[in-house]
2 protein chains.
Amino acid sequence: MPTLPDAEALDRADPFAEFRDRFALPEGVIYLDGNSLGALPRSVAARLEAVARHEWGERLIRSWNEADWWNAPRRIGDRIARLLGVSDGEVIATDSTSVNLFKLIMAAAGTRDGAIIAEADNFPTDTYVAEEAARLLGRPFRLVAGSGMVDALVADVAAAVITQVNYRTAARADIAALEERARRHGTRIVWDLSHSIGAVPLDLARDGASLAVGCSYKYLNGGPGAPAWLYVASALQAKLRSPIAGWWGHADAFAFDGQYRPAPDIARFLGGTQPMLSLLALEESLTLFERVDMDRLWAKSVRLFDLFAARIEALCPELTILTPRDPALRGSHIALHHPDAQRIITALIERGVIGDYRAPDIARFGLTPLTLSHADILYATGIIGDVMASGAWRDVAIEGGRVT
Amino acid sequence: MPTLPDAEALDRADPFAEFRDRFALPEGVIYLDGNSLGALPRSVAARLEAVARHEWGERLIRSWNEADWWNAPRRIGDRIARLLGVSDGEVIATDSTSVNLFKLIMAAAGTRDGAIIAEADNFPTDTYVAEEAARLLGRPFRLVAGSGMVDALVADVAAAVITQVNYRTAARADIAALEERARRHGTRIVWDLSHSIGAVPLDLARDGASLAVGCSYKYLNGGPGAPAWLYVASALQAKLRSPIAGWWGHADAFAFDGQYRPAPDIARFLGGTQPMLSLLALEESLTLFERVDMDRLWAKSVRLFDLFAARIEALCPELTILTPRDPALRGSHIALHHPDAQRIITALIERGVIGDYRAPDIARFGLTPLTLSHADILYATGIIGDVMASGAWRDVAIEGGRVT
């Protein structure tokens with residue numbers, strides 16, 4: 001079993017060690033929930049104050065032009081595009097993941113007949129939004145087990161919603177293989193990359209993906225409920241139509257034209273005025289990724305995972321690792337199964353190890369390579385081992401039942 | 001013509017004079033654009049810093065429970081409900097005005113057959129969103145002149161989108177009269193109250209309005225692009241269905257149920273995770289309205305308007321007042337017509353009087369009673385008079401054309 005000297009040796013060789021100081025992490029906590037809410041980058045707090053006090057307070061309405069608030073969704077979209085392996089002008093930061101999913105499912109299914117399908121074990125918003133879109137369009141809707149998705153991409157399917165990294169198990173789907181199958185049958189896939197972006201290296205252009213959405217508050221550290229993003233490959237933009245025809249999506253918004261003419265480009269997927277405080281916090285957090293090589297970052301995630309998994313296997317025989325061990329088949333969190341996962345997570349939070357719980361029996365721990373050291377993993381797994389060995393979790397009271 | 005001593009006398013008797021210091025207004029500027037972007041309340045800057053550094057930075061994921069981020073849309077909605085004259089549980093703060101319009105138009109028209117109609121002279125997002133909703137539902141769509149709206153509310157209309165206060169002229173529609181007509185024909189009106197809330201006294205329950213949306217960044221001072229809100233009367237909530245079935249709208253979101261069961265109440269109109277930094281800034285700004293009597297606030301708006309109008313009529317014969325003079329027929333801004341309105345506004349901004357321009361020929365000035373003194377109106381109209389009398393505006397270069 002790896003021990004502290006092993007972890008310290010890994011930390012000395014860690015090319016991302018300097019990033020830790022760029023986050024405002026609280027004392028006495030090992031934060032293993034960056035896959036749910038990323039930590040606060042120090043520069044974001046400073047930027048937010050400048051936006052509020054200077055751009056809003058001092059410059060007021062003039063900041064729409066001077067600070068170019070108006071183009072923030074595109075500007076931030078271009079930063080996100082680099083993490084997706086796509087081009088400038090193919091991504092915008094806007095709205096929530098649910099709203100963006102709705103827009104892209106409706107747009108994709110609007111171009112041809114056929115069913116809408118979604119994964120039965122996906123995060124609920126994806127299946128709910130897809131089913132309701134099917135109802136609105138009068139289309140058949142089918143839920144498919146994630147493992148059966150390749151076979152389900154058949155000719156009568158207009159659009160499929162697939163999440164690359166499963167929110168519970170971290171199992172990762174093969175984008176290239178699914179896109180190849182979809183292309184053969186003329187089906188369009190809307191990818192949900194909420195648990196991928198900023199963690200897993202992505203190359204959507206190479207893999208043939210043309211539609212995707214995702215959130216920005218996990219590995220991108222954009223802040224609680226940070227605006228989400230959506231990607232539409234440039235070749236498709238003029239062919240698809242957003243169901244929500246707000247003025248920001250107009251070809252010439254400030255003409256106040258009586259007739260809606262959708263912008264010829266990605267801007268047609270914008271709707272109304274965007275929440276600038278949250279949006280500009282996200283812009284600042286993305287500066288952290290400017291000099292990050294995603295393959296190297298992923299290599300660190302793999303080292304953190306291997307260390308975590310080896311220690312849990314040695315220390316906690318009652319906890320079963322649900323996440324695939326092959327790095328190519330997973331994302332950047334680790335899921336452990338235990339019938340009393342909620343009590344265990346609560347006991348760990350009381351001891352400063354913050355993970356989270358997903359009903360009914362999964363304990364999740366996010367391995368975020370920008371904020372975590374190998375020593376953090378060593379200490380955290382030590383505390384998990386103590387809690388399990390002592391049975392301390394058995395005495396924990398569960399309040400209410402809502403553990404976000 | 002009223003002069004400085006008259007304005008100073010009005011300021012001495014102003015029950016809202018103390019509010020001015022609660023805003024961070026820049027030196028050397030008279031801000032007459034609070035109808036487009038409200039000024040920064042000092043306490044909002046402080047709250048935003050606390051949310052970022054403490055709730056997000058220190059407490060991290062725990063703030064979803066500890067700081068009750070989860071219920072922010074309802075909590076803020078209840079504050080807004082008081083300004084609308086409706087009850088707790090009938091309003092949520094969420095998404096953008098365009099997205100909320102889409103949700104309510106689709107929901108309202110989803111309950112019966114018939115056309116969707118909108119005002120030809122409304123803010124473009126309202127007409128665009130309504131027309132696209134009609135297209136999706138396969139319904140006829142008609143644009144109606146605002147003045148013809150009463151007659152257009154006939155039995156074959158499923159839903160009408162009407163703005164109470166026109167964004168250009170500030171002309172105000174009669175909610176009670178239009179609702180009475182709509183009720184007679186079984187039609188549902190979705191009100192856009194973006195230019196009303198926080199300015200005009202509202203009593204939607206008394207006036208029989210059951211559906212409304214609005215923004216929060218004008219008279220509510222919620223910040224640039226602050227999250228919008230939507231209102232659905234409690235009696236209607238269980239009958240209407242949001243087209244965007246995100247997980248926040250589920251009856252038991254954290255059950256991660258495979259089946260979408262819409263919440264029985266207003267929460268069913270929530271979609272995805274909301275931008276907390278922007279949302280909590282809005283919550284703080286609403287504390288300003290806690291002790292505001294809206295009838296008294298409106299009375300101050302009327303005094304500001306009368307002062308502004310009397311001075312413009314005396315000083316600037318070339319400027320035509322487009323806004324109705326009867327207070328019952330207008331909102332809280334004043335619109336002046338001039339073929340070179342854009343040059344005039346640009347010249348005024350250079351001289352510290354910030355209004356805005358709406359194509360092709362309208363100069364708008366917001367009269368926000370919480371931030372403006374009567375002396376401000378005196379000085380501002382003096383500068384407008386100087387610019388017009390000297391012809392200084394004729395030399396102004398218009399750049400680009402975008403004046404937000």
# chains A, B, ... in the order shown; residues from 1 in each chain; ligands from 1
$ interface_residues --of "chain A" --to "chain B" --cutoff "7 Å" --atoms "only C-alpha atoms" --output "ChimeraX atom specification"
/A:24-26,37,39-40,45,49,52-53,56-58,60-61,64,95-99,102,124-125,128-129,132,224-227,243-247,254-258,260,271-278,359,402,404
$ select_by_dssp --residues "region 11-201 of chain B" --states "strand (DSSP E)" --output "list in words"
Ile30, Tyr31, Val91, Ile92, Ala93, Ala115, Ile116, Ile117, Ala118, Glu119, Phe141, Arg142, Leu143, Val144, Val157, Ala158, Ala159, Ala160, Val161, Ile162, Thr163, Arg188, Ile189, Val190, Trp191 and Asp192 of chain B
$ calpha_fit_and_write --fixed "chain A" --moving "chain B" --output "short mmCIF file (atom, residue, chain, number, x, y, z; two decimals) with C-alpha atoms, in the first residue's frame"
data_model
loop_
_atom_site.label_atom_id
_atom_site.label_comp_id
_atom_site.auth_asym_id
_atom_site.auth_seq_id
_atom_site.Cartn_x
_atom_site.Cartn_y
_atom_site.Cartn_z
CA MET B 1 0.01 0.00 0.00
CA PRO B 2 1.39 3.47 -0.92
CA THR B 3 2.38 5.54 2.11
CA LEU B 4 3.26 9.17 2.85
CA PRO B 5 6.79 9.08 1.41
CA ASP B 6 5.39 7.75 -1.87
CA ALA B 7 2.83 10.58 -1.97
CA GLU B 8 5.44 13.18 -1.13
CA ALA B 9 7.68 11.92 -3.89
CA LEU B 10 4.79 12.25 -6.36
CA ASP B 11 4.11 15.80 -5.09
CA ARG B 12 7.73 16.81 -5.64
CA ALA B 13 7.46 15.72 -9.27
CA ASP B 14 3.98 17.26 -9.77
CA PRO B 15 3.96 19.80 -12.65
CA PHE B 16 0.69 21.26 -11.29
CA ALA B 17 1.81 21.73 -7.68
CA GLU B 18 1.91 25.52 -8.07
CA PHE B 19 -1.81 25.69 -8.90
CA ARG B 20 -2.90 24.81 -5.38
CA ASP B 21 -1.98 28.27 -4.10
CA ARG B 22 -4.11 29.91 -6.72
CA PHE B 23 -7.21 28.59 -4.93
CA ALA B 24 -8.67 29.87 -1.64
CA LEU B 25 -9.01 26.51 0.11
CA PRO B 26 -10.17 26.47 3.73
CA GLU B 27 -7.89 25.22 6.50
CA GLY B 28 -8.52 21.80 7.96
CA VAL B 29 -10.42 20.49 4.97
CA ILE B 30 -9.52 18.06 2.20
CA TYR B 31 -11.94 18.96 -0.53
CA LEU B 32 -12.93 15.98 -2.65
CA ASP B 33 -16.06 17.51 -4.10
CA GLY B 34 -14.64 19.67 -6.87
CA ASN B 35 -16.62 17.44 -9.25
CA SER B 36 -19.77 18.98 -7.78
CA LEU B 37 -18.67 22.55 -6.95
CA GLY B 38 -15.14 23.57 -7.91
CA ALA B 39 -13.12 25.58 -5.37
CA LEU B 40 -12.75 29.37 -5.47
CA PRO B 41 -9.78 30.62 -7.53
CA ARG B 42 -8.28 33.58 -5.64
CA SER B 43 -8.31 35.82 -8.71
CA VAL B 44 -12.05 35.25 -9.16
CA ALA B 45 -12.85 36.94 -5.86
CA ALA B 46 -10.76 39.95 -6.92
CA ARG B 47 -12.30 40.09 -10.40
CA LEU B 48 -15.81 39.91 -8.99
CA GLU B 49 -15.10 42.87 -6.74
CA ALA B 50 -13.72 44.86 -9.67
CA VAL B 51 -16.73 44.00 -11.82
CA ALA B 52 -19.17 45.04 -9.09
CA ARG B 53 -17.45 48.18 -7.84
CA HIS B 54 -15.88 49.48 -11.04
CA GLU B 55 -17.71 48.08 -14.08
CA TRP B 56 -21.19 48.12 -12.57
CA GLY B 57 -20.89 50.75 -9.81
CA GLU B 58 -18.68 53.37 -11.49
CA ARG B 59 -19.14 52.85 -15.20
CA LEU B 60 -22.75 51.67 -15.07
CA ILE B 61 -24.51 51.17 -18.40
CA ARG B 62 -21.33 52.17 -20.27
CA SER B 63 -19.75 48.82 -19.38
CA TRP B 64 -21.91 47.05 -21.94
CA ASN B 65 -19.57 48.64 -24.49
CA GLU B 66 -16.44 49.59 -22.53
CA ALA B 67 -16.05 46.24 -20.77
CA ASP B 68 -17.69 44.46 -23.71
CA TRP B 69 -20.20 42.68 -21.51
CA TRP B 70 -22.22 42.12 -24.65
CA ASN B 71 -19.69 39.69 -26.12
CA ALA B 72 -18.95 37.84 -22.88
CA PRO B 73 -20.88 34.69 -23.92
CA ARG B 74 -18.80 34.36 -27.11
CA ARG B 75 -15.53 35.41 -25.51
CA ILE B 76 -15.92 32.84 -22.74
CA GLY B 77 -17.18 30.34 -25.28
CA ASP B 78 -13.90 30.66 -27.17
CA ARG B 79 -11.98 29.82 -23.99
CA ILE B 80 -14.15 26.76 -23.47
CA ALA B 81 -13.75 25.75 -27.13
CA ARG B 82 -10.04 25.17 -26.56
CA LEU B 83 -10.87 22.65 -23.81
CA LEU B 84 -13.28 20.86 -26.13
CA GLY B 85 -10.91 20.67 -29.06
CA VAL B 86 -13.09 22.83 -31.30
CA SER B 87 -12.70 26.25 -32.92
CA ASP B 88 -13.43 29.84 -31.92
CA GLY B 89 -17.02 30.72 -32.71
CA GLU B 90 -18.37 27.24 -32.00
CA VAL B 91 -19.19 27.64 -28.29
CA ILE B 92 -21.11 30.16 -26.16
CA ALA B 93 -21.38 30.40 -22.38
CA THR B 94 -25.04 30.98 -21.49
CA ASP B 95 -28.08 29.85 -19.51
CA SER B 96 -28.15 26.57 -17.54
CA THR B 97 -27.24 23.08 -18.73
CA SER B 98 -30.95 22.14 -18.68
CA VAL B 99 -31.95 25.10 -20.87
CA ASN B 100 -29.06 24.44 -23.26
CA LEU B 101 -29.97 20.75 -23.50
CA PHE B 102 -33.52 21.75 -24.34
CA LYS B 103 -32.36 24.13 -27.05
CA LEU B 104 -30.06 21.61 -28.72
CA ILE B 105 -32.43 18.63 -28.49
CA MET B 106 -35.25 20.69 -30.01
CA ALA B 107 -32.90 22.07 -32.66
CA ALA B 108 -31.43 18.68 -33.57
CA ALA B 109 -34.75 16.83 -33.64
CA GLY B 110 -36.31 19.73 -35.53
CA THR B 111 -34.35 18.87 -38.67
CA ARG B 112 -35.71 15.37 -39.20
CA ASP B 113 -38.40 12.90 -38.10
CA GLY B 114 -37.75 10.19 -35.56
CA ALA B 115 -37.56 9.31 -31.90
CA ILE B 116 -35.60 10.96 -29.12
CA ILE B 117 -33.61 8.64 -26.89
CA ALA B 118 -31.71 9.13 -23.64
CA GLU B 119 -29.75 7.05 -21.14
CA ALA B 120 -31.76 5.50 -18.30
CA ASP B 121 -28.88 5.95 -15.86
CA ASN B 122 -27.99 9.50 -16.82
CA PHE B 123 -28.30 12.52 -14.55
CA PRO B 124 -32.05 13.05 -14.30
CA THR B 125 -32.19 16.50 -15.93
CA ASP B 126 -30.99 14.98 -19.19
CA THR B 127 -33.73 12.38 -19.34
CA TYR B 128 -36.45 14.74 -18.08
CA VAL B 129 -35.61 17.46 -20.60
CA ALA B 130 -35.33 14.95 -23.45
CA GLU B 131 -38.67 13.30 -22.65
CA GLU B 132 -40.48 16.63 -22.42
CA ALA B 133 -38.92 17.75 -25.71
CA ALA B 134 -40.19 14.53 -27.33
CA ARG B 135 -43.67 15.21 -25.94
CA LEU B 136 -43.66 18.75 -27.35
CA LEU B 137 -42.54 17.53 -30.77
CA GLY B 138 -44.92 14.56 -30.74
CA ARG B 139 -42.05 12.08 -31.05
CA PRO B 140 -41.51 8.65 -29.49
CA PHE B 141 -39.22 8.72 -26.48
CA ARG B 142 -37.09 5.79 -25.30
CA LEU B 143 -34.80 5.31 -22.32
CA VAL B 144 -31.81 3.08 -23.05
CA ALA B 145 -29.25 1.61 -20.67
CA GLY B 146 -25.94 3.41 -21.17
CA SER B 147 -24.25 0.17 -22.19
CA GLY B 148 -26.88 -0.40 -24.89
CA MET B 149 -26.52 3.02 -26.47
CA VAL B 150 -24.46 1.94 -29.49
CA ASP B 151 -27.13 -0.53 -30.57
CA ALA B 152 -29.90 2.01 -29.87
CA LEU B 153 -28.51 4.52 -32.39
CA VAL B 154 -30.63 3.34 -35.31
CA ALA B 155 -32.18 4.99 -38.30
CA ASP B 156 -35.49 5.97 -36.68
CA VAL B 157 -33.72 8.01 -33.98
CA ALA B 158 -33.64 11.76 -34.62
CA ALA B 159 -31.62 12.70 -31.55
CA ALA B 160 -29.87 11.01 -28.64
CA VAL B 161 -28.74 12.59 -25.38
CA ILE B 162 -25.59 10.97 -24.02
CA THR B 163 -23.39 11.95 -21.11
CA GLN B 164 -19.74 11.14 -21.63
CA VAL B 165 -18.86 10.63 -17.96
CA ASN B 166 -21.60 9.14 -15.77
CA TYR B 167 -22.34 11.30 -12.71
CA ARG B 168 -22.49 8.30 -10.40
CA THR B 169 -19.91 5.78 -11.53
CA ALA B 170 -17.61 8.03 -13.62
CA ALA B 171 -17.81 5.46 -16.43
CA ARG B 172 -16.78 7.13 -19.69
CA ALA B 173 -18.47 6.64 -23.07
CA ASP B 174 -16.51 6.46 -26.32
CA ILE B 175 -17.42 9.61 -28.25
CA ALA B 176 -15.73 8.61 -31.51
CA ALA B 177 -17.36 5.15 -31.63
CA LEU B 178 -20.84 6.47 -30.83
CA GLU B 179 -20.50 9.32 -33.33
CA GLU B 180 -19.42 6.93 -36.03
CA ARG B 181 -22.49 4.79 -35.46
CA ALA B 182 -24.76 7.86 -35.28
CA ARG B 183 -23.37 9.21 -38.53
CA ARG B 184 -24.08 5.95 -40.26
CA HIS B 185 -27.76 6.22 -39.31
CA GLY B 186 -28.18 9.97 -39.71
CA THR B 187 -28.78 10.43 -36.01
CA ARG B 188 -27.57 13.43 -34.00
CA ILE B 189 -26.04 13.09 -30.55
CA VAL B 190 -26.25 15.90 -28.00
CA TRP B 191 -23.36 15.29 -25.60
CA ASP B 192 -23.52 16.32 -21.96
CA LEU B 193 -19.92 16.98 -20.95
CA SER B 194 -20.62 18.37 -17.46
CA HIS B 195 -18.42 15.75 -15.80
CA SER B 196 -15.78 15.83 -18.55
CA ILE B 197 -14.80 19.42 -19.23
CA GLY B 198 -11.68 20.57 -17.43
CA ALA B 199 -10.95 16.98 -16.38
CA VAL B 200 -10.85 14.63 -19.36
CA PRO B 201 -8.92 15.56 -22.53
CA LEU B 202 -11.48 16.23 -25.25
CA ASP B 203 -11.14 16.48 -29.01
CA LEU B 204 -14.65 16.81 -30.32
CA ALA B 205 -13.54 17.87 -33.79
CA ARG B 206 -11.41 14.73 -34.18
CA ASP B 207 -14.14 12.53 -32.70
CA GLY B 208 -16.86 13.93 -34.96
CA ALA B 209 -19.12 15.34 -32.24
CA SER B 210 -21.15 18.33 -33.41
CA LEU B 211 -23.46 19.17 -30.48
CA ALA B 212 -22.65 19.38 -26.78
CA VAL B 213 -23.56 21.14 -23.55
CA GLY B 214 -22.03 21.22 -20.11
CA CYS B 215 -21.83 23.03 -16.83
CA SER B 216 -19.00 25.26 -15.62
CA TYR B 217 -19.15 24.90 -11.86
CA LYS B 218 -17.36 21.56 -11.52
CA TYR B 219 -13.84 21.18 -12.92
CA LEU B 220 -13.92 24.69 -14.44
CA ASN B 221 -14.35 26.28 -10.99
CA GLY B 222 -16.78 28.89 -12.34
CA GLY B 223 -18.70 29.28 -9.09
CA PRO B 224 -22.02 28.00 -7.72
CA GLY B 225 -24.47 27.59 -10.58
CA ALA B 226 -22.04 29.25 -13.02
CA PRO B 227 -23.57 29.77 -16.48
CA ALA B 228 -23.39 26.68 -18.65
CA TRP B 229 -22.17 26.46 -22.26
CA LEU B 230 -23.22 24.93 -25.53
CA TYR B 231 -21.32 23.84 -28.62
CA VAL B 232 -22.64 23.62 -32.18
CA ALA B 233 -20.13 22.73 -34.91
CA SER B 234 -19.87 25.60 -37.37
CA ALA B 235 -21.10 23.51 -40.31
CA LEU B 236 -24.38 22.90 -38.49
CA GLN B 237 -25.03 26.34 -37.05
CA ALA B 238 -27.04 27.81 -39.92
CA LYS B 239 -29.12 24.62 -40.22
CA LEU B 240 -30.36 24.45 -36.64
CA ARG B 241 -32.88 26.75 -35.01
CA SER B 242 -33.15 27.50 -31.31
CA PRO B 243 -36.67 27.15 -29.91
CA ILE B 244 -36.08 30.17 -27.66
CA ALA B 245 -35.80 33.10 -30.03
CA GLY B 246 -34.60 35.83 -27.67
CA TRP B 247 -33.20 39.13 -28.85
CA TRP B 248 -29.57 38.18 -28.11
CA GLY B 249 -29.92 35.55 -30.83
CA HIS B 250 -30.96 38.03 -33.51
CA ALA B 251 -28.65 38.76 -36.45
CA ASP B 252 -28.73 42.47 -35.52
CA ALA B 253 -30.03 42.71 -31.96
CA PHE B 254 -29.80 46.48 -31.66
CA ALA B 255 -31.78 47.13 -34.81
CA PHE B 256 -34.85 46.16 -32.75
CA ASP B 257 -36.16 44.61 -35.92
CA GLY B 258 -39.82 43.57 -35.93
CA GLN B 259 -38.91 40.29 -37.59
CA TYR B 260 -36.76 37.60 -35.98
CA ARG B 261 -33.73 36.82 -38.13
CA PRO B 262 -31.50 34.36 -36.31
CA ALA B 263 -27.82 35.23 -36.24
CA PRO B 264 -25.95 33.24 -38.91
CA ASP B 265 -23.55 31.86 -36.31
CA ILE B 266 -23.41 30.43 -32.78
CA ALA B 267 -25.11 33.59 -31.40
CA ARG B 268 -28.45 32.24 -32.61
CA PHE B 269 -28.44 29.99 -29.56
CA LEU B 270 -28.43 32.96 -27.20
CA GLY B 271 -31.74 34.05 -25.70
CA GLY B 272 -31.96 36.89 -23.19
CA THR B 273 -29.61 39.09 -21.21
CA GLN B 274 -27.04 37.02 -19.34
CA PRO B 275 -26.10 37.21 -15.63
CA MET B 276 -22.85 39.16 -15.90
CA LEU B 277 -21.61 38.77 -12.32
CA SER B 278 -21.71 34.99 -12.61
CA LEU B 279 -20.53 35.02 -16.22
CA LEU B 280 -17.47 37.20 -15.60
CA ALA B 281 -16.52 35.12 -12.56
CA LEU B 282 -16.46 32.16 -14.93
CA GLU B 283 -14.34 34.09 -17.42
CA GLU B 284 -11.77 34.72 -14.72
CA SER B 285 -11.73 31.11 -13.53
CA LEU B 286 -10.96 29.98 -17.08
CA THR B 287 -7.69 31.92 -17.06
CA LEU B 288 -6.39 29.06 -14.87
CA PHE B 289 -6.59 26.77 -17.87
CA GLU B 290 -4.64 29.07 -20.19
CA ARG B 291 -1.38 27.23 -19.77
CA VAL B 292 -2.73 23.81 -18.82
CA ASP B 293 -1.94 20.89 -21.08
CA MET B 294 -5.01 18.68 -20.68
CA ASP B 295 -3.14 15.44 -21.37
CA ARG B 296 -0.68 16.20 -18.58
CA LEU B 297 -3.51 17.25 -16.25
CA TRP B 298 -5.28 13.99 -16.98
CA ALA B 299 -2.08 12.08 -16.23
CA LYS B 300 -2.10 13.65 -12.76
CA SER B 301 -5.75 12.67 -12.31
CA VAL B 302 -4.76 9.09 -13.12
CA ARG B 303 -1.99 9.19 -10.48
CA LEU B 304 -4.43 10.56 -7.88
CA PHE B 305 -6.94 7.86 -8.78
CA ASP B 306 -4.43 5.02 -8.59
CA LEU B 307 -3.21 6.24 -5.20
CA PHE B 308 -6.77 6.61 -3.88
CA ALA B 309 -7.87 3.21 -5.20
CA ALA B 310 -4.81 1.34 -3.90
CA ARG B 311 -5.27 2.80 -0.41
CA ILE B 312 -9.04 2.14 -0.28
CA GLU B 313 -8.55 -1.45 -1.41
CA ALA B 314 -5.95 -1.97 1.28
CA LEU B 315 -7.77 -0.10 4.07
CA CYS B 316 -11.50 -0.55 3.46
CA PRO B 317 -12.59 -3.98 2.27
CA GLU B 318 -16.27 -3.00 2.88
CA LEU B 319 -16.10 -0.32 0.18
CA THR B 320 -16.43 -1.47 -3.43
CA ILE B 321 -14.92 0.63 -6.18
CA LEU B 322 -17.59 1.09 -8.87
CA THR B 323 -15.50 3.21 -11.20
CA PRO B 324 -13.70 1.45 -14.06
CA ARG B 325 -9.98 1.06 -13.38
CA ASP B 326 -8.87 1.60 -16.97
CA PRO B 327 -8.22 5.35 -17.30
CA ALA B 328 -9.63 5.37 -20.83
CA LEU B 329 -12.96 4.21 -19.46
CA ARG B 330 -13.54 6.79 -16.75
CA GLY B 331 -13.64 10.42 -15.66
CA SER B 332 -11.96 12.20 -12.76
CA HIS B 333 -14.00 11.09 -9.75
CA ILE B 334 -14.16 7.78 -7.93
CA ALA B 335 -17.37 6.13 -6.79
CA LEU B 336 -17.49 3.73 -3.87
CA HIS B 337 -20.43 1.51 -3.10
CA HIS B 338 -21.72 0.96 0.44
CA PRO B 339 -25.35 0.48 1.61
CA ASP B 340 -24.75 3.20 4.23
CA ALA B 341 -22.91 5.60 1.94
CA GLN B 342 -24.85 8.59 3.24
CA ARG B 343 -23.80 7.98 6.87
CA ILE B 344 -20.21 7.42 5.80
CA ILE B 345 -20.07 10.67 3.82
CA THR B 346 -21.63 12.59 6.71
CA ALA B 347 -19.07 11.15 9.14
CA LEU B 348 -16.24 12.10 6.77
CA ILE B 349 -17.48 15.68 6.33
CA GLU B 350 -17.48 16.04 10.13
CA ARG B 351 -13.81 15.02 10.00
CA GLY B 352 -12.89 17.49 7.25
CA VAL B 353 -12.95 15.12 4.28
CA ILE B 354 -15.59 16.49 1.93
CA GLY B 355 -17.01 14.08 -0.62
CA ASP B 356 -20.65 13.61 -1.53
CA TYR B 357 -23.40 11.07 -1.61
CA ARG B 358 -25.65 9.96 -4.44
CA ALA B 359 -28.78 8.01 -3.54
CA PRO B 360 -29.12 5.26 -2.65
CA ASP B 361 -25.67 3.84 -1.98
CA ILE B 362 -22.82 5.73 -3.63
CA ALA B 363 -20.06 7.76 -2.01
CA ARG B 364 -18.34 10.03 -4.56
CA PHE B 365 -14.92 11.64 -4.31
CA GLY B 366 -13.73 14.15 -6.87
CA LEU B 367 -10.05 13.99 -7.81
CA THR B 368 -9.39 17.50 -9.10
CA PRO B 369 -5.77 17.72 -10.18
CA LEU B 370 -5.50 21.53 -10.00
CA THR B 371 -6.34 21.70 -6.29
CA LEU B 372 -5.26 18.36 -4.81
CA SER B 373 -1.85 17.03 -3.85
CA HIS B 374 -0.97 13.38 -3.59
CA ALA B 375 -0.49 13.95 0.15
CA ASP B 376 -4.12 15.15 0.32
CA ILE B 377 -5.19 11.77 -1.08
CA LEU B 378 -2.95 10.02 1.41
CA TYR B 379 -4.47 11.82 4.39
CA ALA B 380 -8.05 11.59 3.09
CA THR B 381 -7.88 7.86 2.49
CA GLY B 382 -6.32 7.47 5.95
CA ILE B 383 -9.34 9.21 7.50
CA ILE B 384 -11.74 7.12 5.39
CA GLY B 385 -9.88 4.03 6.63
CA ASP B 386 -10.19 5.19 10.26
CA VAL B 387 -13.91 5.91 9.94
CA MET B 388 -14.55 2.49 8.40
CA ALA B 389 -12.32 0.56 10.80
CA SER B 390 -13.73 2.24 13.90
CA GLY B 391 -17.34 2.01 12.72
CA ALA B 392 -17.70 5.70 13.69
CA TRP B 393 -20.09 6.25 10.78
CA ARG B 394 -22.70 4.00 12.42
CA ASP B 395 -23.57 6.68 14.99
CA VAL B 396 -24.20 9.42 12.44
CA ALA B 397 -27.67 10.95 12.31
CA ILE B 398 -28.95 11.77 8.84
CA GLU B 399 -30.87 14.99 8.79
CA GLY B 400 -33.61 15.70 6.34
CA GLY B 401 -32.10 13.59 3.63
CA ARG B 402 -30.90 16.32 1.32
CA VAL B 403 -27.18 16.10 0.81
CA THR B 404 -26.39 18.18 -2.25
#
$ select_by_dssp --residues "region 332-379 of chain A" --states "helix (DSSP H, G or I)" --output "PyMOL selection string"
chain A and resi 341-350+374-379
$ write_last_selection --atoms "C-alpha atoms" --output "compact mmCIF listing (two decimals), in the first residue's frame"
# COMPACT_ATOMS: atom_id res chain seq x y z
CA ALA A 341 -22.93 5.63 1.93
CA GLN A 342 -24.84 8.63 3.23
CA ARG A 343 -23.81 8.00 6.85
CA ILE A 344 -20.22 7.44 5.80
CA ILE A 345 -20.07 10.69 3.81
CA THR A 346 -21.62 12.60 6.70
CA ALA A 347 -19.06 11.17 9.14
CA LEU A 348 -16.24 12.12 6.76
CA ILE A 349 -17.48 15.69 6.33
CA GLU A 350 -17.48 16.03 10.14
CA HIS A 374 -0.98 13.37 -3.58
CA ALA A 375 -0.50 13.94 0.14
CA ASP A 376 -4.13 15.14 0.32
CA ILE A 377 -5.20 11.76 -1.07
CA LEU A 378 -2.97 10.00 1.41
CA TYR A 379 -4.49 11.82 4.39
